[in-house]
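To be precise, the following lines are input_19.pdb, and they hold PDB, C-alpha atoms.
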ATOM      1  CA  MET A 256      19.211 -25.489 -53.152
ATOM      2  CA  ILE A 257      20.633 -22.516 -55.081
ATOM      3  CA  SER A 258      23.598 -22.233 -52.722
ATOM      4  CA  SER A 259      24.448 -25.929 -53.226
ATOM      5  CA  LYS A 260      24.427 -25.390 -57.020
ATOM      6  CA  ILE A 261      26.727 -22.367 -56.663
ATOM      7  CA  VAL A 262      29.083 -24.354 -54.416
ATOM      8  CA  PHE A 263      29.087 -27.175 -57.009
ATOM      9  CA  ILE A 264      29.937 -24.762 -59.876
ATOM     10  CA  LEU A 265      32.693 -23.064 -57.849
ATOM     11  CA  GLU A 266      34.152 -26.432 -56.857
ATOM     12  CA  MET A 267      34.133 -27.555 -60.527
ATOM     13  CA  THR A 268      35.900 -24.300 -61.507
ATOM     14  CA  ARG A 269      38.551 -24.846 -58.837
ATOM     15  CA  ARG A 270      39.048 -28.451 -59.928
ATOM     16  CA  ASP A 271      39.305 -27.363 -63.550
ATOM     17  CA  PHE A 272      42.306 -25.182 -62.687
ATOM     18  CA  VAL A 273      43.886 -27.887 -60.553
ATOM     19  CA  GLU A 274      43.426 -30.523 -63.311
ATOM     20  CA  ARG A 275      44.644 -28.245 -66.105
ATOM     21  CA  PHE A 276      47.930 -27.495 -64.408
ATOM     22  CA  ALA A 277      48.439 -30.672 -62.364
ATOM     23  CA  GLY A 278      52.053 -31.790 -62.606
ATOM     24  CA  SER A 279      53.253 -28.724 -64.543
ATOM     25  CA  VAL A 280      56.178 -26.791 -63.091
ATOM     26  CA  LEU A 281      54.928 -23.315 -64.029
ATOM     27  CA  GLY A 282      51.292 -24.085 -63.113
ATOM     28  CA  GLY A 283      48.954 -21.088 -63.404
ATOM     29  CA  LEU A 284      51.681 -19.027 -65.095
ATOM     30  CA  TRP A 285      50.687 -20.775 -68.343
ATOM     31  CA  LEU A 286      47.526 -18.684 -68.239
ATOM     32  CA  ILE A 287      49.660 -15.590 -68.810
ATOM     33  CA  ILE A 288      52.367 -17.134 -70.978
ATOM     34  CA  TRP A 289      50.046 -18.383 -73.729
ATOM     35  CA  PRO A 290      48.305 -15.034 -74.507
ATOM     36  CA  LEU A 291      51.610 -13.171 -74.155
ATOM     37  CA  VAL A 292      53.344 -15.475 -76.659
ATOM     38  CA  ASN A 293      50.403 -15.069 -79.030
ATOM     39  CA  MET A 294      50.581 -11.277 -78.758
ATOM     40  CA  PHE A 295      54.351 -11.256 -79.099
ATOM     41  CA  VAL A 296      54.186 -13.243 -82.344
ATOM     42  CA  TYR A 297      51.512 -10.994 -83.872
ATOM     43  CA  ILE A 298      53.208  -7.772 -82.739
ATOM     44  CA  VAL A 299      56.569  -8.884 -84.145
ATOM     45  CA  ILE A 300      55.159 -10.115 -87.458
ATOM     46  CA  PHE A 301      52.576  -7.421 -88.119
ATOM     47  CA  GLY A 302      53.978  -4.485 -86.141
ATOM     48  CA  ARG A 303      57.699  -4.947 -86.707
ATOM     49  CA  PHE A 304      58.078  -6.822 -90.008
ATOM     50  CA  MET A 305      54.976  -5.617 -91.837
ATOM     51  CA  GLY A 306      55.022  -2.130 -90.317
ATOM     52  CA  ALA A 307      51.377  -2.071 -89.176
ATOM     53  CA  ARG A 308      50.510   1.194 -87.387
ATOM     54  CA  LEU A 309      47.362   2.922 -86.150
ATOM     55  CA  PRO A 310      46.184   5.914 -88.226
ATOM     56  CA  GLY A 311      47.959   9.104 -87.133
ATOM     57  CA  SER A 312      50.510   7.221 -85.062
ATOM     58  CA  SER A 313      54.044   6.128 -85.889
ATOM     59  CA  ASP A 314      54.385   4.362 -82.558
ATOM     60  CA  MET A 315      54.432   0.569 -82.707
ATOM     61  CA  SER A 316      53.330   0.267 -79.067
ATOM     62  CA  ALA A 317      49.944   1.865 -79.927
ATOM     63  CA  TYR A 318      49.394  -0.950 -82.406
ATOM     64  CA  GLY A 319      50.548  -3.415 -79.736
ATOM     65  CA  VAL A 320      47.840  -2.155 -77.356
ATOM     66  CA  TYR A 321      45.243  -2.317 -80.174
ATOM     67  CA  LEU A 322      46.220  -5.920 -80.838
ATOM     68  CA  ALA A 323      46.399  -6.976 -77.187
ATOM     69  CA  VAL A 324      42.991  -5.590 -76.162
ATOM     70  CA  GLY A 325      41.377  -7.306 -79.157
ATOM     71  CA  LEU A 326      43.217 -10.593 -78.851
ATOM     72  CA  ILE A 327      42.600 -11.255 -75.145
ATOM     73  CA  PRO A 328      38.766 -11.098 -75.316
ATOM     74  CA  TRP A 329      38.856 -13.132 -78.542
ATOM     75  CA  ILE A 330      40.970 -15.881 -76.910
ATOM     76  CA  SER A 331      38.515 -15.928 -74.004
ATOM     77  CA  PHE A 332      35.517 -16.182 -76.349
ATOM     78  CA  SER A 333      37.132 -18.800 -78.558
ATOM     79  CA  ASN A 334      38.282 -20.957 -75.605
ATOM     80  CA  THR A 335      34.854 -20.754 -73.961
ATOM     81  CA  VAL A 336      33.059 -21.907 -77.114
ATOM     82  CA  THR A 337      35.627 -24.618 -77.957
ATOM     83  CA  ARG A 338      35.753 -26.086 -74.451
ATOM     84  CA  SER A 339      31.973 -25.845 -74.022
ATOM     85  CA  SER A 340      31.326 -27.711 -77.275
ATOM     86  CA  SER A 341      32.873 -30.930 -75.928
ATOM     87  CA  ILE A 342      32.138 -30.516 -72.224
ATOM     88  CA  PHE A 343      29.398 -33.200 -72.087
ATOM     89  CA  LEU A 344      31.717 -35.726 -73.741
ATOM     90  CA  ASP A 345      34.716 -34.706 -71.626
ATOM     91  CA  LYS A 346      32.754 -35.058 -68.397
ATOM     92  CA  LYS A 347      30.676 -38.091 -69.349
ATOM     93  CA  GLY A 348      32.358 -40.121 -66.601
ATOM     94  CA  VAL A 349      31.000 -37.736 -63.970
ATOM     95  CA  ILE A 350      27.632 -37.232 -65.720
ATOM     96  CA  SER A 351      26.912 -40.974 -65.867
ATOM     97  CA  LYS A 352      27.727 -41.431 -62.165
ATOM     98  CA  VAL A 353      26.285 -38.318 -60.526
ATOM     99  CA  SER A 354      22.912 -36.711 -61.192
ATOM    100  CA  MET A 355      23.732 -33.158 -62.177
ATOM    101  CA  ASN A 356      22.368 -30.156 -64.000
ATOM    102  CA  LEU A 357      24.199 -30.353 -67.356
ATOM    103  CA  PRO A 358      24.164 -26.608 -68.235
ATOM    104  CA  ALA A 359      25.976 -25.996 -64.916
ATOM    105  CA  LEU A 360      29.025 -27.589 -66.586
ATOM    106  CA  LEU A 361      29.031 -24.777 -69.149
ATOM    107  CA  VAL A 362      28.810 -22.176 -66.404
ATOM    108  CA  PHE A 363      31.972 -23.567 -64.826
ATOM    109  CA  VAL A 364      33.793 -23.451 -68.200
ATOM    110  CA  ASN A 365      32.675 -19.832 -68.503
ATOM    111  CA  LEU A 366      33.847 -18.993 -64.973
ATOM    112  CA  SER A 367      37.182 -20.668 -65.592
ATOM    113  CA  GLU A 368      37.703 -18.578 -68.755
ATOM    114  CA  ILE A 369      36.620 -15.404 -66.924
ATOM    115  CA  VAL A 370      39.377 -15.988 -64.357
ATOM    116  CA  THR A 371      41.906 -16.512 -67.185
ATOM    117  CA  PHE A 372      40.667 -13.324 -68.876
ATOM    118  CA  LEU A 373      40.973 -11.321 -65.648
ATOM    119  CA  ILE A 374      44.560 -12.500 -65.120
ATOM    120  CA  SER A 375      45.509 -11.604 -68.734
ATOM    121  CA  MET A 376      43.797  -8.207 -68.452
ATOM    122  CA  ALA A 377      45.603  -7.520 -65.166
ATOM    123  CA  VAL A 378      48.915  -7.980 -67.022
ATOM    124  CA  ILE A 379      47.727  -5.596 -69.771
ATOM    125  CA  PHE A 380      46.642  -3.022 -67.162
ATOM    126  CA  VAL A 381      50.083  -3.137 -65.541
ATOM    127  CA  ILE A 382      51.752  -2.618 -68.955
ATOM    128  CA  LEU A 383      49.335   0.216 -69.838
ATOM    129  CA  LEU A 384      49.804   1.964 -66.506
ATOM    130  CA  GLY A 385      53.565   1.678 -66.973
ATOM    131  CA  LYS A 386      53.174   3.505 -70.295
ATOM    132  CA  GLY A 387      51.275   6.358 -68.633
ATOM    133  CA  TRP A 388      47.729   5.284 -69.503
ATOM    134  CA  SER A 389      45.097   6.679 -67.110
ATOM    135  CA  PHE A 390      41.766   5.236 -65.988
ATOM    136  CA  ASN A 391      38.633   6.913 -67.353
ATOM    137  CA  ALA A 392      34.844   6.629 -67.198
ATOM    138  CA  HIS A 393      34.759   4.551 -70.397
ATOM    139  CA  LEU A 394      36.371   1.711 -68.481
ATOM    140  CA  LEU A 395      33.132   1.271 -66.498
ATOM    141  CA  LEU A 396      31.618  -0.328 -69.591
ATOM    142  CA  LEU A 397      34.280  -3.016 -69.827
ATOM    143  CA  PRO A 398      32.642  -5.581 -67.470
ATOM    144  CA  PHE A 399      29.334  -5.246 -69.338
ATOM    145  CA  VAL A 400      30.892  -5.663 -72.773
ATOM    146  CA  TYR A 401      32.765  -8.726 -71.535
ATOM    147  CA  TYR A 402      29.622 -10.073 -69.840
ATOM    148  CA  LEU A 403      27.751  -9.720 -73.142
ATOM    149  CA  GLN A 404      30.540 -11.594 -74.935
ATOM    150  CA  GLN A 405      30.408 -14.464 -72.451
ATOM    151  CA  VAL A 406      26.592 -14.691 -72.658
ATOM    152  CA  PHE A 407      26.999 -15.020 -76.422
ATOM    153  CA  ALA A 408      29.725 -17.664 -75.927
ATOM    154  CA  LEU A 409      27.508 -19.515 -73.427
ATOM    155  CA  GLY A 410      24.610 -19.668 -75.905
ATOM    156  CA  LEU A 411      26.840 -20.790 -78.747
ATOM    157  CA  GLY A 412      28.641 -23.287 -76.473
ATOM    158  CA  LEU A 413      25.406 -24.814 -75.134
ATOM    159  CA  LEU A 414      24.025 -25.252 -78.639
ATOM    160  CA  ALA A 415      27.299 -26.820 -79.838
ATOM    161  CA  ALA A 416      27.598 -29.038 -76.732
ATOM    162  CA  SER A 417      24.069 -30.427 -77.281
ATOM    163  CA  LEU A 418      24.795 -31.219 -80.932
ATOM    164  CA  THR A 419      28.350 -32.584 -80.405
ATOM    165  CA  VAL A 420      26.971 -35.502 -78.380
ATOM    166  CA  PHE A 421      25.178 -36.791 -81.516
ATOM    167  CA  VAL A 422      27.508 -35.491 -84.260
ATOM    168  CA  ARG A 423      31.160 -35.428 -83.174
ATOM    169  CA  ASP A 424      32.097 -33.395 -86.239
ATOM    170  CA  VAL A 425      30.426 -30.319 -84.720
ATOM    171  CA  LYS A 426      33.504 -29.703 -82.567
ATOM    172  CA  GLU A 427      35.836 -29.803 -85.580
ATOM    173  CA  ILE A 428      33.490 -27.677 -87.705
ATOM    174  CA  LEU A 429      33.344 -25.151 -84.876
ATOM    175  CA  ALA A 430      37.163 -25.016 -84.711
ATOM    176  CA  VAL A 431      37.281 -24.220 -88.452
ATOM    177  CA  ILE A 432      34.536 -21.599 -88.115
ATOM    178  CA  LEU A 433      36.332 -19.953 -85.173
ATOM    179  CA  GLN A 434      39.583 -19.823 -87.151
ATOM    180  CA  LEU A 435      37.838 -18.132 -90.084
ATOM    181  CA  TRP A 436      35.877 -15.914 -87.686
ATOM    182  CA  PHE A 437      39.122 -14.711 -86.080
ATOM    183  CA  TRP A 438      40.479 -13.443 -89.408
ATOM    184  CA  PHE A 439      37.075 -12.019 -90.300
ATOM    185  CA  THR A 440      37.123  -9.845 -87.136
ATOM    186  CA  PRO A 441      39.284  -6.676 -87.017
ATOM    187  CA  ILE A 442      41.629  -7.819 -84.243
ATOM    188  CA  ILE A 443      44.955  -7.745 -86.050
ATOM    189  CA  TYR A 444      44.061  -5.302 -88.800
ATOM    190  CA  LEU A 445      42.015  -2.104 -88.835
ATOM    191  CA  PHE A 446      38.405  -2.028 -90.003
ATOM    192  CA  ASP A 447      39.180   1.041 -92.176
ATOM    193  CA  ILE A 448      41.656  -0.811 -94.426
ATOM    194  CA  LEU A 449      38.942  -3.176 -95.666
ATOM    195  CA  PRO A 450      37.288  -2.694 -99.066
ATOM    196  CA  ASN A 451      33.703  -1.420 -99.021
ATOM    197  CA  PHE A 452      32.068  -4.763 -99.810
ATOM    198  CA  ALA A 453      33.950  -6.405 -96.897
ATOM    199  CA  LYS A 454      32.890  -3.598 -94.552
ATOM    200  CA  LYS A 455      29.240  -4.216 -95.439
ATOM    201  CA  ILE A 456      29.590  -7.938 -94.658
ATOM    202  CA  MET A 457      31.623  -7.241 -91.519
ATOM    203  CA  ILE A 458      28.683  -5.367 -89.971
ATOM    204  CA  LEU A 459      26.922  -8.746 -89.747
ATOM    205  CA  ASN A 460      29.775 -10.175 -87.652
ATOM    206  CA  PRO A 461      28.424 -10.440 -84.069
ATOM    207  CA  MET A 462      31.912 -10.237 -82.541
ATOM    208  CA  MET A 463      32.640  -6.965 -84.324
ATOM    209  CA  PRO A 464      30.787  -4.647 -81.819
ATOM    210  CA  ILE A 465      32.536  -6.342 -78.897
ATOM    211  CA  ILE A 466      36.077  -6.129 -80.266
ATOM    212  CA  GLU A 467      35.368  -2.586 -81.481
ATOM    213  CA  ALA A 468      34.146  -1.663 -77.978
ATOM    214  CA  PHE A 469      37.401  -2.964 -76.436
ATOM    215  CA  HIS A 470      39.409  -0.952 -78.984
ATOM    216  CA  LYS A 471      37.412   2.223 -78.375
ATOM    217  CA  ILE A 472      37.656   1.948 -74.593
ATOM    218  CA  PHE A 473      41.387   1.222 -74.436
ATOM    219  CA  VAL A 474      42.934   2.671 -77.590
ATOM    220  CA  TYR A 475      40.734   5.612 -78.572
ATOM    221  CA  ASN A 476      39.434   6.531 -75.070
ATOM    222  CA  THR A 477      35.882   6.974 -76.336
ATOM    223  CA  TYR A 478      32.548   5.298 -75.749
ATOM    224  CA  PRO A 479      31.705   2.447 -78.155
ATOM    225  CA  ASP A 480      28.714   2.565 -80.485
ATOM    226  CA  PHE A 481      25.793   1.534 -78.318
ATOM    227  CA  VAL A 482      23.252   0.555 -80.983
ATOM    228  CA  PRO A 483      25.255  -2.504 -82.226
ATOM    229  CA  LEU A 484      25.852  -3.507 -78.597
ATOM    230  CA  ILE A 485      22.115  -3.331 -77.829
ATOM    231  CA  VAL A 486      21.317  -5.364 -80.972
ATOM    232  CA  LEU A 487      23.956  -7.932 -79.974
ATOM    233  CA  THR A 488      22.493  -8.078 -76.439
ATOM    234  CA  ILE A 489      19.150  -9.132 -77.916
ATOM    235  CA  ILE A 490      20.811 -11.628 -80.311
ATOM    236  CA  ALA A 491      23.042 -13.158 -77.596
ATOM    237  CA  HIS A 492      20.175 -13.634 -75.128
ATOM    238  CA  GLY A 493      17.904 -14.917 -77.899
ATOM    239  CA  LEU A 494      20.588 -17.458 -78.820
ATOM    240  CA  LEU A 495      20.989 -18.499 -75.182
ATOM    241  CA  PHE A 496      17.223 -18.976 -74.898
ATOM    242  CA  LEU A 497      17.153 -20.983 -78.147
ATOM    243  CA  ALA A 498      20.153 -23.084 -77.046
ATOM    244  CA  TYR A 499      18.500 -23.862 -73.712
ATOM    245  CA  VAL A 500      15.191 -24.818 -75.368
ATOM    246  CA  THR A 501      17.133 -27.100 -77.782
ATOM    247  CA  PHE A 502      19.044 -28.608 -74.875
ATOM    248  CA  ARG A 503      15.832 -29.300 -72.922
ATOM    249  CA  TYR A 504      14.327 -30.938 -76.010
ATOM    250  CA  LEU A 505      17.397 -33.182 -76.441
ATOM    251  CA  GLU A 506      18.312 -33.668 -72.773
ATOM    252  CA  LYS A 507      16.922 -37.202 -72.393
ATOM    253  CA  ASP A 508      18.684 -38.359 -75.582
ATOM    254  CA  ILE A 509      21.918 -36.635 -74.527
ATOM    255  CA  ARG A 510      21.917 -38.551 -71.225
ATOM    256  CA  ASP A 511      21.137 -41.812 -73.046
ATOM    257  CA  PHE A 512      23.947 -41.257 -75.570
ATOM    258  CA  LEU A 513      26.457 -40.489 -72.809
TER
ATOM    259  CA  MET C  58      30.648   9.995 -61.482
ATOM    260  CA  ILE C  59      27.130   9.983 -62.956
ATOM    261  CA  GLU C  60      27.769   6.821 -65.026
ATOM    262  CA  LEU C  61      28.739   4.846 -61.938
ATOM    263  CA  ARG C  62      25.577   6.009 -60.140
ATOM    264  CA  PHE C  63      23.462   4.820 -63.046
ATOM    265  CA  ILE C  64      25.219   1.443 -63.118
ATOM    266  CA  LEU C  65      24.584   1.054 -59.377
ATOM    267  CA  LEU C  66      20.949   2.061 -59.876
ATOM    268  CA  TRP C  67      20.449  -0.540 -62.631
ATOM    269  CA  THR C  68      22.232  -3.178 -60.520
ATOM    270  CA  CYS C  69      19.893  -2.470 -57.582
ATOM    271  CA  VAL C  70      16.881  -2.794 -59.931
ATOM    272  CA  LEU C  71      18.296  -6.111 -61.212
ATOM    273  CA  ILE C  72      18.857  -7.491 -57.700
ATOM    274  CA  ALA C  73      15.332  -6.444 -56.685
ATOM    275  CA  ALA C  74      13.899  -8.058 -59.837
ATOM    276  CA  ILE C  75      15.805 -11.306 -59.143
ATOM    277  CA  PHE C  76      14.576 -11.252 -55.539
ATOM    278  CA  PHE C  77      10.915 -10.664 -56.390
ATOM    279  CA  GLN C  78      10.561 -12.354 -59.799
ATOM    280  CA  VAL C  79      13.144 -15.156 -60.032
ATOM    281  CA  ARG C  80      13.383 -16.404 -56.441
ATOM    282  CA  PRO C  81       9.724 -17.424 -55.998
ATOM    283  CA  ARG C  82       9.672 -19.393 -59.266
ATOM    284  CA  ARG C  83      10.895 -22.919 -59.958
ATOM    285  CA  GLY C  84      12.465 -24.836 -62.853
ATOM    286  CA  GLN C  85      12.683 -23.577 -66.421
ATOM    287  CA  LYS C  86      10.534 -20.498 -65.804
ATOM    288  CA  ARG C  87      13.163 -19.219 -63.380
ATOM    289  CA  LEU C  88      15.880 -19.511 -66.027
ATOM    290  CA  TYR C  89      13.805 -17.865 -68.747
ATOM    291  CA  ILE C  90      13.085 -14.891 -66.491
ATOM    292  CA  LEU C  91      16.764 -14.707 -65.556
ATOM    293  CA  ILE C  92      17.725 -14.563 -69.256
ATOM    294  CA  LEU C  93      15.119 -11.842 -69.831
ATOM    295  CA  LEU C  94      16.326  -9.822 -66.826
ATOM    296  CA  SER C  95      19.942 -10.172 -67.920
ATOM    297  CA  MET C  96      18.986  -8.833 -71.362
ATOM    298  CA  LEU C  97      16.998  -5.913 -69.953
ATOM    299  CA  TYR C  98      19.838  -5.093 -67.536
ATOM    300  CA  LEU C  99      22.418  -4.893 -70.335
ATOM    301  CA  ILE C 100      20.069  -2.908 -72.589
ATOM    302  CA  GLY C 101      19.421  -0.544 -69.671
ATOM    303  CA  ILE C 102      23.152  -0.021 -69.135
ATOM    304  CA  PHE C 103      23.985   0.413 -72.826
ATOM    305  CA  ALA C 104      21.028   2.723 -73.437
ATOM    306  CA  SER C 105      21.642   4.945 -70.423
ATOM    307  CA  PHE C 106      25.232   5.832 -71.357
ATOM    308  CA  PRO C 107      24.380   7.800 -74.552
ATOM    309  CA  LEU C 108      21.445   9.362 -72.707
ATOM    310  CA  LEU C 109      23.780  10.538 -69.957
ATOM    311  CA  GLN C 110      26.192  11.884 -72.554
ATOM    312  CA  ALA C 111      23.375  13.858 -74.147
ATOM    313  CA  LEU C 112      22.009  15.169 -70.856
ATOM    314  CA  PHE C 113      25.190  16.049 -68.950
TER
END
Would you mind writing the file's structure down as structure tokens?
Amino acid sequence: MISSKIVFILEMTRRDFVERFAGSVLGGLWLIIWPLVNMFVYIVIFGRFMGARLPGSSDMSAYGVYLAVGLIPWISFSNTVTRSSSIFLDKKGVISKVSMNLPALLVFVNLSEIVTFLISMAVIFVILLGKGWSFNAHLLLLPFVYYLQQVFALGLGLLAASLTVFVRDVKEILAVILQLWFWFTPIIYLFDILPNFAKKIMILNPMMPIIEAFHKIFVYNTYPDFVPLIVLTIIAHGLLFLAYVTFRYLEKDIRDFL
Amino acid sequence: MIELRFILLWTCVLIAAIFFQVRPRRGQKRLYILILLSMLYLIGIFASFPLLQALF
């Protein structure tokens, strides 16, 4: 029973990749091109034109690494939430024909984004190793920080997906929130440059401990602050639980609406 | 590497917990326990790192 569900999720993930790049000449290369173009634009504008640098460093490449290791997890989080929010509507053709476990659809979106993240991170690792960066014990935390991020995205995505079926605006509202959230998270700029009142508000940002952990692991070679990560672990799992309870409550109506 | 040993230890505890607590159950209860185990696993990992730093 469990193995058949796993096979179903893996098959959906494989199909997702095939469908996304069907007919395109570059195929899976788009997975690397898109984040690289994004990073290139930000590095050129902020690093080159605006002269953004890390404290105590005149090297633009250090800022480039800071930006890249913050941007890649953010893109993964943002894509997971955005795609999850409309997954029931996107797959309503399949849902209405085949009896399936609806949350499994969100797991396949998550898996698909994990693969994209791993490919992007592999490119970053190659660039970092080329610049003389060495592996350290802090890197062991990376899978757990990313896992926490995706659990949070899964909870948020499931809640949004359940509500989008009834109110289509949820998807658009979520896109606006994610855009604002991106600029409210220290990915492009440094946390230290913010005024005090903004710093106090920023502590409430749930993505802040995750992005900060990526920065500390890759840029500063130190361990992240564990207390915010533990608090976020409780929040993310609580949200997932709440999202699942909401989904179960609305499941019959969701199937009727679809 | 002491950190790696601790991660492996926590992973073994998680697998054992899934085997003995999640596998025999059915339906929603199974998922709720899985969410709880996932949370405890991450808390265990994040809490053991500063402890290891303090001890070794």
What's the 12 Å shell around Asn460 (chain A), counting all atoms listed in the file, without same-chain residues fewer than 6 positions away, as a PDB file with C-alpha atoms, in the coordinates of the input?
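Printed below is around-v8.pdb as written:
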ATOM      1  CA  LEU A 435      37.838 -18.132 -90.084  1.00  0.00           C
ATOM      2  CA  TRP A 436      35.877 -15.914 -87.686  1.00  0.00           C
ATOM      3  CA  PHE A 437      39.122 -14.711 -86.080  1.00  0.00           C
ATOM      4  CA  TRP A 438      40.479 -13.443 -89.408  1.00  0.00           C
ATOM      5  CA  PHE A 439      37.075 -12.019 -90.300  1.00  0.00           C
ATOM      6  CA  THR A 440      37.123  -9.845 -87.136  1.00  0.00           C
ATOM      7  CA  PRO A 441      39.284  -6.676 -87.017  1.00  0.00           C
ATOM      8  CA  ALA A 453      33.950  -6.405 -96.897  1.00  0.00           C
ATOM      9  CA  LYS A 454      32.890  -3.598 -94.552  1.00  0.00           C
ATOM     10  CA  ILE A 466      36.077  -6.129 -80.266  1.00  0.00           C
ATOM     11  CA  GLU A 467      35.368  -2.586 -81.481  1.00  0.00           C
ATOM     12  CA  PRO A 483      25.255  -2.504 -82.226  1.00  0.00           C
ATOM     13  CA  LEU A 484      25.852  -3.507 -78.597  1.00  0.00           C
ATOM     14  CA  VAL A 486      21.317  -5.364 -80.972  1.00  0.00           C
ATOM     15  CA  LEU A 487      23.956  -7.932 -79.974  1.00  0.00           C
ATOM     16  CA  ILE A 490      20.811 -11.628 -80.311  1.00  0.00           C
TER      17      ILE A 490
END
- Task: Just the residues within 8 Å of region 282-292 of chain A, please, counting all atoms listed in the file, with nothing from its chain fewer than 3 positions along; format it as a list in words.
- Result: Phe272, Phe276, Ala277, Gly278, Ser279, Phe295, Val296, Ile327, Ile330, Thr371, Ile374, Ser375 and Val378 of chain A
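Contact shell of Gly410 (chain A) at 7 Å (all atoms listed in the file; same-chain neighbours under 2 positions omitted): Val406, Phe407, Ala408, Gly412, Leu413, Leu414, Ala491, Leu494, Leu495 and Ala498 of chain A.
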Export of the given selection (C-alpha atoms) as a tab-separated table (two decimals), in the frame of the given file:
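For reference, selection_12.tsv as written:
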chain	number	residue	atom	x	y	z
A	406	VAL	CA	26.59	-14.69	-72.66
A	407	PHE	CA	27.00	-15.02	-76.42
A	408	ALA	CA	29.72	-17.66	-75.93
A	412	GLY	CA	28.64	-23.29	-76.47
A	413	LEU	CA	25.41	-24.81	-75.13
A	414	LEU	CA	24.02	-25.25	-78.64
A	491	ALA	CA	23.04	-13.16	-77.60
A	494	LEU	CA	20.59	-17.46	-78.82
A	495	LEU	CA	20.99	-18.50	-75.18
A	498	ALA	CA	20.15	-23.08	-77.05
- Find the residues of chain C in contact range of chain A, meaning any atom within 12 Å when counting only C-alpha atoms, and list them as a ChimeraX atom specification. /C:58-65,68,79-80,83-110
- Item | Distance in Å - CA of Ile382 (chain A) versus CA of Met305 (chain A) |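 If I compute the distance from CA of Ile382 (chain A) to CA of Met305 (chain A), I get 23.3 Å.
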- Message: Could you tell me how far CA of Ala323 (chain A) sits from CA of Ile465 (chain A), in Å to one decimal place?
- Response: 14.0 Å
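For the pair CA of Asn365 (chain A) and CA of Phe502 (chain A), the separation is 17.4 Å.
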Find the axis-aligned box for region 81-84 of chain C, covering all its listed atoms and adding 3 Å on each side, and write its centre and edge lengths in Å to one decimal as JSON.
{"center_x": 11.1, "center_y": -21.1, "center_z": -59.4, "size_x": 8.8, "size_y": 13.4, "size_z": 12.9}
- May I have the residues within 9 Å of Ala307 (chain A) as a list of chain:residue names, using all atoms listed in the file and disregarding those fewer than 4 positions away in the same chain? A:Ile298, A:Phe301, A:Gly302, A:Arg303, A:Met315, A:Tyr318, A:Tyr444
- Item | Top pick for closest residue to Pro464 (chain A), considering A:Ile442, A:Ala416, A:Leu309, A:Ile448 and counting all atoms listed in the file |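 Smallest separation from Pro464 (chain A) among the options: A:Ile442.
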- Task: Taking the point (43.4, 7.0, -72.6) as given in the file, collect each protein or nucleic acid residue that comes within 9 Å of it, counting all atoms listed in the file, and present the set as a ChimeraX atom specification.
- Result: /A:387-391,472-477
Those same residues - C-alpha atoms - I'd like them written as a PDB file, in the frame of the given file.
ATOM      1  CA  GLY A 387      51.275   6.358 -68.633  1.00  0.00           C
ATOM      2  CA  TRP A 388      47.729   5.284 -69.503  1.00  0.00           C
ATOM      3  CA  SER A 389      45.097   6.679 -67.110  1.00  0.00           C
ATOM      4  CA  PHE A 390      41.766   5.236 -65.988  1.00  0.00           C
ATOM      5  CA  ASN A 391      38.633   6.913 -67.353  1.00  0.00           C
ATOM      6  CA  ILE A 472      37.656   1.948 -74.593  1.00  0.00           C
ATOM      7  CA  PHE A 473      41.387   1.222 -74.436  1.00  0.00           C
ATOM      8  CA  VAL A 474      42.934   2.671 -77.590  1.00  0.00           C
ATOM      9  CA  TYR A 475      40.734   5.612 -78.572  1.00  0.00           C
ATOM     10  CA  ASN A 476      39.434   6.531 -75.070  1.00  0.00           C
ATOM     11  CA  THR A 477      35.882   6.974 -76.336  1.00  0.00           C
TER      12      THR A 477
END
- Would you kindly translate the PyMOL selection byres ((chain A and resi 261) around 12) into the concrete residues it picks from this file, as a ChimeraX atom specification? /A:256-260,262-268,356,359-360,362-363,366
